[in-house]
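K.L.:
Hey, dropping start-v1.pdb in here, PDB, C-alpha atoms, pLDDT in the B column:
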```
ATOM      1  CA  MET M 101     -22.107 -43.176  31.082  1.00 45.00           C
ATOM      2  CA  GLU M 102     -24.589 -42.980  28.226  1.00 56.00           C
ATOM      3  CA  SER M 103     -23.387 -43.894  24.757  1.00 67.00           C
ATOM      4  CA  TRP M 104     -22.723 -41.020  22.367  1.00 72.00           C
ATOM      5  CA  ASN M 105     -22.823 -40.793  18.655  1.00 85.00           C
ATOM      6  CA  PHE M 106     -21.650 -37.724  16.800  1.00 87.00           C
ATOM      7  CA  SER M 107     -25.110 -36.741  15.641  1.00 91.00           C
ATOM      8  CA  LYS M 108     -26.446 -36.777  19.201  1.00 88.00           C
ATOM      9  CA  LEU M 109     -23.405 -34.888  20.448  1.00 88.00           C
ATOM     10  CA  TYR M 110     -23.862 -32.275  17.725  1.00 91.00           C
ATOM     11  CA  THR M 111     -27.584 -31.841  18.422  1.00 90.00           C
ATOM     12  CA  GLU M 112     -26.975 -31.578  22.176  1.00 86.00           C
ATOM     13  CA  TYR M 113     -24.012 -29.204  22.201  1.00 90.00           C
ATOM     14  CA  TYR M 114     -23.488 -27.355  18.912  1.00 92.00           C
ATOM     15  CA  LYS M 115     -25.736 -24.352  19.621  1.00 92.00           C
ATOM     16  CA  ARG M 116     -24.233 -23.882  23.103  1.00 91.00           C
ATOM     17  CA  ALA M 117     -20.689 -24.264  21.790  1.00 93.00           C
ATOM     18  CA  PHE M 118     -21.376 -21.772  19.017  1.00 94.00           C
ATOM     19  CA  LEU M 119     -22.884 -19.183  21.401  1.00 92.00           C
ATOM     20  CA  PHE M 120     -20.025 -19.621  23.871  1.00 91.00           C
ATOM     21  CA  ALA M 121     -17.387 -19.082  21.155  1.00 92.00           C
ATOM     22  CA  LYS M 122     -19.318 -16.216  19.548  1.00 91.00           C
ATOM     23  CA  SER M 123     -19.598 -14.337  22.844  1.00 89.00           C
ATOM     24  CA  TYR M 124     -15.788 -14.210  22.944  1.00 90.00           C
ATOM     25  CA  VAL M 125     -14.642 -14.062  19.323  1.00 90.00           C
ATOM     26  CA  ARG M 126     -17.487 -11.776  18.139  1.00 90.00           C
ATOM     27  CA  ASP M 127     -17.316 -13.263  14.660  1.00 93.00           C
ATOM     28  CA  GLU M 128     -20.018 -15.625  13.460  1.00 96.00           C
ATOM     29  CA  MET M 129     -17.951 -17.602  10.947  1.00 97.00           C
ATOM     30  CA  ALA M 130     -15.028 -18.009  13.335  1.00 96.00           C
ATOM     31  CA  ALA M 131     -17.437 -19.130  16.081  1.00 95.00           C
ATOM     32  CA  GLU M 132     -18.949 -21.757  13.743  1.00 97.00           C
ATOM     33  CA  ASP M 133     -15.472 -23.103  12.953  1.00 97.00           C
ATOM     34  CA  ILE M 134     -14.458 -23.160  16.620  1.00 96.00           C
ATOM     35  CA  ALA M 135     -17.700 -24.887  17.690  1.00 95.00           C
ATOM     36  CA  SER M 136     -17.475 -27.557  14.945  1.00 96.00           C
ATOM     37  CA  ASP M 137     -13.804 -28.191  15.595  1.00 96.00           C
ATOM     38  CA  ALA M 138     -14.348 -28.403  19.371  1.00 95.00           C
ATOM     39  CA  LEU M 139     -17.152 -30.940  18.899  1.00 96.00           C
ATOM     40  CA  ILE M 140     -14.924 -33.089  16.660  1.00 95.00           C
ATOM     41  CA  ARG M 141     -12.173 -32.997  19.307  1.00 95.00           C
ATOM     42  CA  LEU M 142     -14.673 -33.859  22.034  1.00 94.00           C
ATOM     43  CA  TRP M 143     -16.022 -36.746  19.908  1.00 94.00           C
ATOM     44  CA  ASP M 144     -12.479 -38.076  19.329  1.00 93.00           C
ATOM     45  CA  THR M 145     -11.849 -38.030  23.084  1.00 93.00           C
ATOM     46  CA  LEU M 146     -15.195 -39.682  23.913  1.00 91.00           C
ATOM     47  CA  LYS M 147     -14.391 -42.540  21.505  1.00 90.00           C
ATOM     48  CA  GLN M 148     -11.113 -43.254  23.308  1.00 90.00           C
ATOM     49  CA  GLU M 149     -11.925 -42.726  26.978  1.00 89.00           C
ATOM     50  CA  THR M 150     -14.708 -42.280  29.484  1.00 87.00           C
ATOM     51  CA  VAL M 151     -15.417 -38.641  30.171  1.00 83.00           C
ATOM     52  CA  GLU M 152     -17.280 -37.800  33.399  1.00 84.00           C
ATOM     53  CA  HIS M 153     -18.363 -34.307  32.334  1.00 85.00           C
ATOM     54  CA  PRO M 154     -18.439 -33.890  28.535  1.00 87.00           C
ATOM     55  CA  LEU M 155     -19.746 -30.338  28.862  1.00 86.00           C
ATOM     56  CA  ALA M 156     -16.803 -29.358  31.087  1.00 86.00           C
ATOM     57  CA  LEU M 157     -14.339 -30.857  28.584  1.00 90.00           C
ATOM     58  CA  LEU M 158     -16.129 -29.125  25.697  1.00 91.00           C
ATOM     59  CA  THR M 159     -15.940 -25.814  27.575  1.00 91.00           C
ATOM     60  CA  PHE M 160     -12.195 -26.347  28.127  1.00 90.00           C
ATOM     61  CA  ILE M 161     -11.646 -27.077  24.413  1.00 93.00           C
ATOM     62  CA  LEU M 162     -13.777 -24.082  23.384  1.00 93.00           C
ATOM     63  CA  ARG M 163     -11.925 -21.840  25.823  1.00 91.00           C
ATOM     64  CA  ASN M 164      -8.530 -22.825  24.404  1.00 91.00           C
ATOM     65  CA  GLN M 165      -9.604 -22.486  20.795  1.00 92.00           C
ATOM     66  CA  SER M 166     -11.263 -19.126  21.400  1.00 92.00           C
ATOM     67  CA  LEU M 167      -8.101 -17.947  23.160  1.00 91.00           C
ATOM     68  CA  ASN M 168      -5.934 -19.072  20.247  1.00 90.00           C
ATOM     69  CA  TYR M 169      -8.229 -17.264  17.832  1.00 93.00           C
ATOM     70  CA  LEU M 170      -8.163 -14.035  19.869  1.00 91.00           C
ATOM     71  CA  LYS M 171      -4.365 -14.123  20.285  1.00 91.00           C
ATOM     72  CA  HIS M 172      -3.960 -14.611  16.549  1.00 90.00           C
ATOM     73  CA  GLU M 173      -6.443 -11.794  15.947  1.00 90.00           C
ATOM     74  CA  ALA M 174      -4.537  -9.485  18.310  1.00 86.00           C
ATOM     75  CA  ILE M 175      -1.269 -10.133  16.455  1.00 86.00           C
ATOM     76  CA  HIS M 176      -3.021  -9.534  13.144  1.00 86.00           C
ATOM     77  CA  GLN M 177      -4.562  -6.265  14.379  1.00 84.00           C
ATOM     78  CA  GLU M 178      -1.218  -5.046  15.729  1.00 83.00           C
ATOM     79  CA  ALA M 179       0.404  -5.788  12.386  1.00 84.00           C
ATOM     80  CA  MET M 180      -2.381  -3.946  10.575  1.00 84.00           C
ATOM     81  CA  GLU M 181      -2.061  -1.069  13.004  1.00 83.00           C
ATOM     82  CA  HIS M 182       1.690  -0.952  12.430  1.00 81.00           C
ATOM     83  CA  ILE M 183       1.069  -0.777   8.683  1.00 80.00           C
ATOM     84  CA  SER M 184      -1.618   1.841   9.248  1.00 83.00           C
ATOM     85  CA  GLN M 185       0.722   3.869  11.462  1.00 83.00           C
ATOM     86  CA  LYS M 186       3.348   3.774   8.710  1.00 82.00           C
ATOM     87  CA  ARG M 187       0.753   4.865   6.128  1.00 79.00           C
ATOM     88  CA  ILE M 188      -0.472   7.618   8.432  1.00 79.00           C
ATOM     89  CA  ARG M 189       3.102   8.849   9.010  1.00 80.00           C
ATOM     90  CA  ASP M 190       3.701   8.839   5.266  1.00 79.00           C
ATOM     91  CA  ILE M 191       0.507  10.805   4.617  1.00 74.00           C
ATOM     92  CA  HIS M 192       1.402  13.310   7.359  1.00 76.00           C
ATOM     93  CA  TYR M 193       4.846  13.721   5.824  1.00 76.00           C
ATOM     94  CA  ARG M 194       3.281  14.403   2.429  1.00 74.00           C
ATOM     95  CA  ILE M 195       0.811  16.860   3.967  1.00 74.00           C
ATOM     96  CA  SER M 196       3.535  18.799   5.796  1.00 73.00           C
ATOM     97  CA  SER M 197       5.718  18.700   2.698  1.00 69.00           C
ATOM     98  CA  LEU M 198       2.855  20.158   0.661  1.00 69.00           C
ATOM     99  CA  GLU M 199       2.047  22.744   3.323  1.00 74.00           C
ATOM    100  CA  ALA M 200       5.688  23.820   3.319  1.00 69.00           C
ATOM    101  CA  CYS M 201       5.668  24.129  -0.460  1.00 67.00           C
ATOM    102  CA  ASN M 202       5.579  27.834  -1.229  1.00 68.00           C
ATOM    103  CA  PRO M 203       4.685  28.406  -4.900  1.00 62.00           C
ATOM    104  CA  GLU M 204       6.663  31.654  -4.884  1.00 65.00           C
ATOM    105  CA  GLU M 205       9.773  29.686  -3.935  1.00 64.00           C
ATOM    106  CA  ILE M 206       9.371  27.313  -6.874  1.00 60.00           C
ATOM    107  CA  PHE M 207      10.900  30.015  -9.007  1.00 63.00           C
ATOM    108  CA  SER M 208      13.258  31.143  -6.276  1.00 70.00           C
ATOM    109  CA  THR M 209      16.811  32.181  -7.058  1.00 75.00           C
ATOM    110  CA  GLU M 210      18.110  28.763  -5.967  1.00 79.00           C
ATOM    111  CA  ILE M 211      16.038  26.836  -8.526  1.00 81.00           C
ATOM    112  CA  THR M 212      16.537  29.494 -11.176  1.00 83.00           C
ATOM    113  CA  GLU M 213      20.293  29.223 -10.612  1.00 87.00           C
ATOM    114  CA  ILE M 214      20.214  25.399 -10.883  1.00 88.00           C
ATOM    115  CA  LEU M 215      18.275  25.705 -14.160  1.00 87.00           C
ATOM    116  CA  ARG M 216      20.654  28.342 -15.523  1.00 89.00           C
ATOM    117  CA  ARG M 217      23.777  26.325 -14.596  1.00 92.00           C
ATOM    118  CA  THR M 218      22.366  23.071 -15.993  1.00 92.00           C
ATOM    119  CA  LEU M 219      21.300  24.637 -19.284  1.00 91.00           C
ATOM    120  CA  ALA M 220      24.701  26.368 -19.559  1.00 94.00           C
ATOM    121  CA  SER M 221      26.445  22.999 -19.152  1.00 94.00           C
ATOM    122  CA  LEU M 222      24.592  21.497 -22.124  1.00 94.00           C
ATOM    123  CA  PRO M 223      26.018  21.546 -25.657  1.00 94.00           C
ATOM    124  CA  GLU M 224      24.921  24.625 -27.636  1.00 94.00           C
ATOM    125  CA  GLN M 225      22.562  22.740 -29.980  1.00 93.00           C
ATOM    126  CA  THR M 226      20.897  20.802 -27.115  1.00 94.00           C
ATOM    127  CA  ARG M 227      20.384  23.970 -25.066  1.00 93.00           C
ATOM    128  CA  ARG M 228      18.970  25.848 -28.059  1.00 94.00           C
ATOM    129  CA  ILE M 229      16.472  23.082 -28.886  1.00 94.00           C
ATOM    130  CA  PHE M 230      15.371  22.812 -25.258  1.00 92.00           C
ATOM    131  CA  ILE M 231      14.749  26.568 -25.011  1.00 90.00           C
ATOM    132  CA  MET M 232      12.764  26.501 -28.272  1.00 93.00           C
ATOM    133  CA  SER M 233      10.693  23.560 -27.019  1.00 90.00           C
ATOM    134  CA  ARG M 234      10.052  24.481 -23.397  1.00 83.00           C
ATOM    135  CA  TYR M 235      10.300  28.258 -23.267  1.00 81.00           C
ATOM    136  CA  LYS M 236       9.135  29.227 -26.738  1.00 85.00           C
ATOM    137  CA  GLN M 237       6.551  26.425 -26.780  1.00 84.00           C
ATOM    138  CA  MET M 238       7.571  25.287 -30.277  1.00 89.00           C
ATOM    139  CA  SER M 239       6.583  21.807 -31.449  1.00 91.00           C
ATOM    140  CA  ILE M 240       9.122  19.177 -32.474  1.00 92.00           C
ATOM    141  CA  LYS M 241       7.949  19.637 -36.065  1.00 93.00           C
ATOM    142  CA  GLU M 242       8.504  23.418 -35.934  1.00 94.00           C
ATOM    143  CA  ILE M 243      11.974  23.028 -34.400  1.00 94.00           C
ATOM    144  CA  SER M 244      13.027  20.371 -36.913  1.00 95.00           C
ATOM    145  CA  GLU M 245      11.887  22.599 -39.805  1.00 95.00           C
ATOM    146  CA  GLN M 246      13.601  25.708 -38.459  1.00 93.00           C
ATOM    147  CA  LEU M 247      16.913  23.950 -37.668  1.00 94.00           C
ATOM    148  CA  HIS M 248      16.785  21.525 -40.633  1.00 94.00           C
ATOM    149  CA  LEU M 249      17.005  18.493 -38.315  1.00 93.00           C
ATOM    150  CA  ALA M 250      15.126  15.186 -38.254  1.00 95.00           C
ATOM    151  CA  PRO M 251      12.306  15.115 -35.669  1.00 93.00           C
ATOM    152  CA  LYS M 252      14.051  12.140 -33.949  1.00 95.00           C
ATOM    153  CA  SER M 253      17.150  14.280 -33.561  1.00 94.00           C
ATOM    154  CA  VAL M 254      15.102  17.076 -31.940  1.00 94.00           C
ATOM    155  CA  GLU M 255      13.516  14.530 -29.569  1.00 93.00           C
ATOM    156  CA  TYR M 256      16.981  13.253 -28.660  1.00 94.00           C
ATOM    157  CA  HIS M 257      18.161  16.753 -27.657  1.00 94.00           C
ATOM    158  CA  ILE M 258      15.007  17.430 -25.605  1.00 92.00           C
ATOM    159  CA  THR M 259      15.325  14.078 -23.817  1.00 92.00           C
ATOM    160  CA  LYS M 260      19.012  14.768 -23.124  1.00 93.00           C
ATOM    161  CA  SER M 261      18.114  18.179 -21.605  1.00 92.00           C
ATOM    162  CA  LEU M 262      15.326  16.723 -19.458  1.00 90.00           C
ATOM    163  CA  LYS M 263      17.636  13.996 -18.117  1.00 91.00           C
ATOM    164  CA  ALA M 264      20.236  16.601 -17.148  1.00 92.00           C
ATOM    165  CA  LEU M 265      17.604  18.789 -15.475  1.00 89.00           C
ATOM    166  CA  ARG M 266      16.038  15.854 -13.665  1.00 86.00           C
ATOM    167  CA  VAL M 267      19.436  14.995 -12.146  1.00 89.00           C
ATOM    168  CA  ALA M 268      20.165  18.638 -11.286  1.00 88.00           C
ATOM    169  CA  LEU M 269      16.734  19.082  -9.672  1.00 83.00           C
ATOM    170  CA  LYS M 270      16.705  15.714  -7.876  1.00 82.00           C
ATOM    171  CA  ASP M 271      16.011  17.451  -4.550  1.00 77.00           C
ATOM    172  CA  TYR M 272      13.067  19.233  -6.154  1.00 75.00           C
ATOM    173  CA  LEU M 273      11.482  16.357  -8.093  1.00 72.00           C
ATOM    174  CA  PRO M 274       7.854  17.467  -7.624  1.00 68.00           C
ATOM    175  CA  ILE M 275       8.879  20.863  -8.971  1.00 71.00           C
ATOM    176  CA  PHE M 276      10.759  19.259 -11.882  1.00 74.00           C
ATOM    177  CA  TYR M 277       7.548  17.425 -12.821  1.00 69.00           C
ATOM    178  CA  LEU M 278       5.558  20.595 -12.483  1.00 68.00           C
ATOM    179  CA  LEU M 279       7.915  22.602 -14.684  1.00 72.00           C
ATOM    180  CA  PHE M 280       9.006  20.115 -17.297  1.00 73.00           C
ATOM    181  CA  TYR M 281       7.104  16.848 -17.260  1.00 64.00           C
ATOM    182  CA  THR M 282       5.272  16.647 -20.544  1.00 58.00           C
ATOM    183  CA  HIS M 283       5.369  13.969 -23.180  1.00 49.00           C
ATOM    184  CA  LEU M 284       7.713  14.755 -26.037  1.00 47.00           C
ATOM    185  CA  HIS M 285       4.856  14.736 -28.543  1.00 43.00           C
ATOM    186  CA  SER M 286       2.644  17.107 -26.590  1.00 44.00           C
ATOM    187  CA  HIS M 287       3.797  20.167 -28.567  1.00 42.00           C
TER
END
```
Re-express the file's structure as structure tokens.
P.N.:
Amino acid sequence: MESWNFSKLYTEYYKRAFLFAKSYVRDEMAAEDIASDALIRLWDTLKQETVEHPLALLTFILRNQSLNYLKHEAIHQEAMEHISQKRIRDIHYRISSLEACNPEEIFSTEITEILRRTLASLPEQTRRIFIMSRYKQMSIKEISEQLHLAPKSVEYHITKSLKALRVALKDYLPIFYLLFYTHLHSH
């Protein structure tokens, strides 16, 4: 059996090893890694024992490494697909939810009743400030001047109202945002 050194082994077999791996893994960088690694393993074996058919052993090593790569890739793809499926389901849910959203129903009796009941449950002053702010479109400054209150106090009452409404409309959160979500200083 002729004597091998790594350089000779590399020159003789690298290109073939690379092309073999690439034809299965279909990824150039992965094929380079597999070919280099297989040649190192073959070299380690050749240093320790006599090998009748180095090319056959190299093919066996390449086959196993390519298989490992593909199995790992398959698991990775399935995981990605599972994530994608979840994302797709979520998007479909949001699409059907939006399609089912009837703008006329946003102001349906049910929501109107929830609003009326919630506002009625608030203390007089809080309710009054909220109505001035959200329905009469008055600014915090205008409300504080009209009611002789500090602006911070007006903000407190508006925040308190919004919290109560957010809880009451928890099943209609997108609608809550649509109706009431504005920054306190926007008026």
K.L.:
Taking the file as shown, what set of residues would the PyMOL selection byres ((chain M and resi 125-142) around 10) give back, as an MDAnalysis selection string?
P.N.:
chainID M and resid 106 109:110 113:124 143:147 151 154:155 157:167 169:170 173
K.L.:
So, counting all atoms listed in the file, which residue among M:Ala174, M:Ile188, M:Leu273, M:Val254 is closest to Ile240 (chain M)?
P.N.:
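Answer, going by the shortest atom-to-atom distance: M:Val254.
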K.L.:
Report, in Å with one decimal, the straight-line distance from CA of Arg194 (chain M) to CA of Glu210 (chain M).
P.N.:
22.3 Å
K.L.:
Would you kindly return, as an MDAnalysis selection string, each protein, DNA or RNA residue with an atom no farther than 12 Å from any atom of Thr212 (chain M), considering all atoms listed in the file and excluding same-chain residues fewer than 2 positions away?
P.N.:
chainID M and resid 204:210 214:219 265 268:269 272 275:276 279
K.L.:
Figure out the distance between CA of Leu262 (chain M) and CA of Ile191 (chain M), please, to one decimal in Å.
P.N.:
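Distance reported for this atom pair: 28.9 Å.
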K.L.:
Please measure the separation of CA of Ser261 (chain M) and CA of Ile229 (chain M), giving the value in Å to one decimal.
P.N.:
8.9 Å
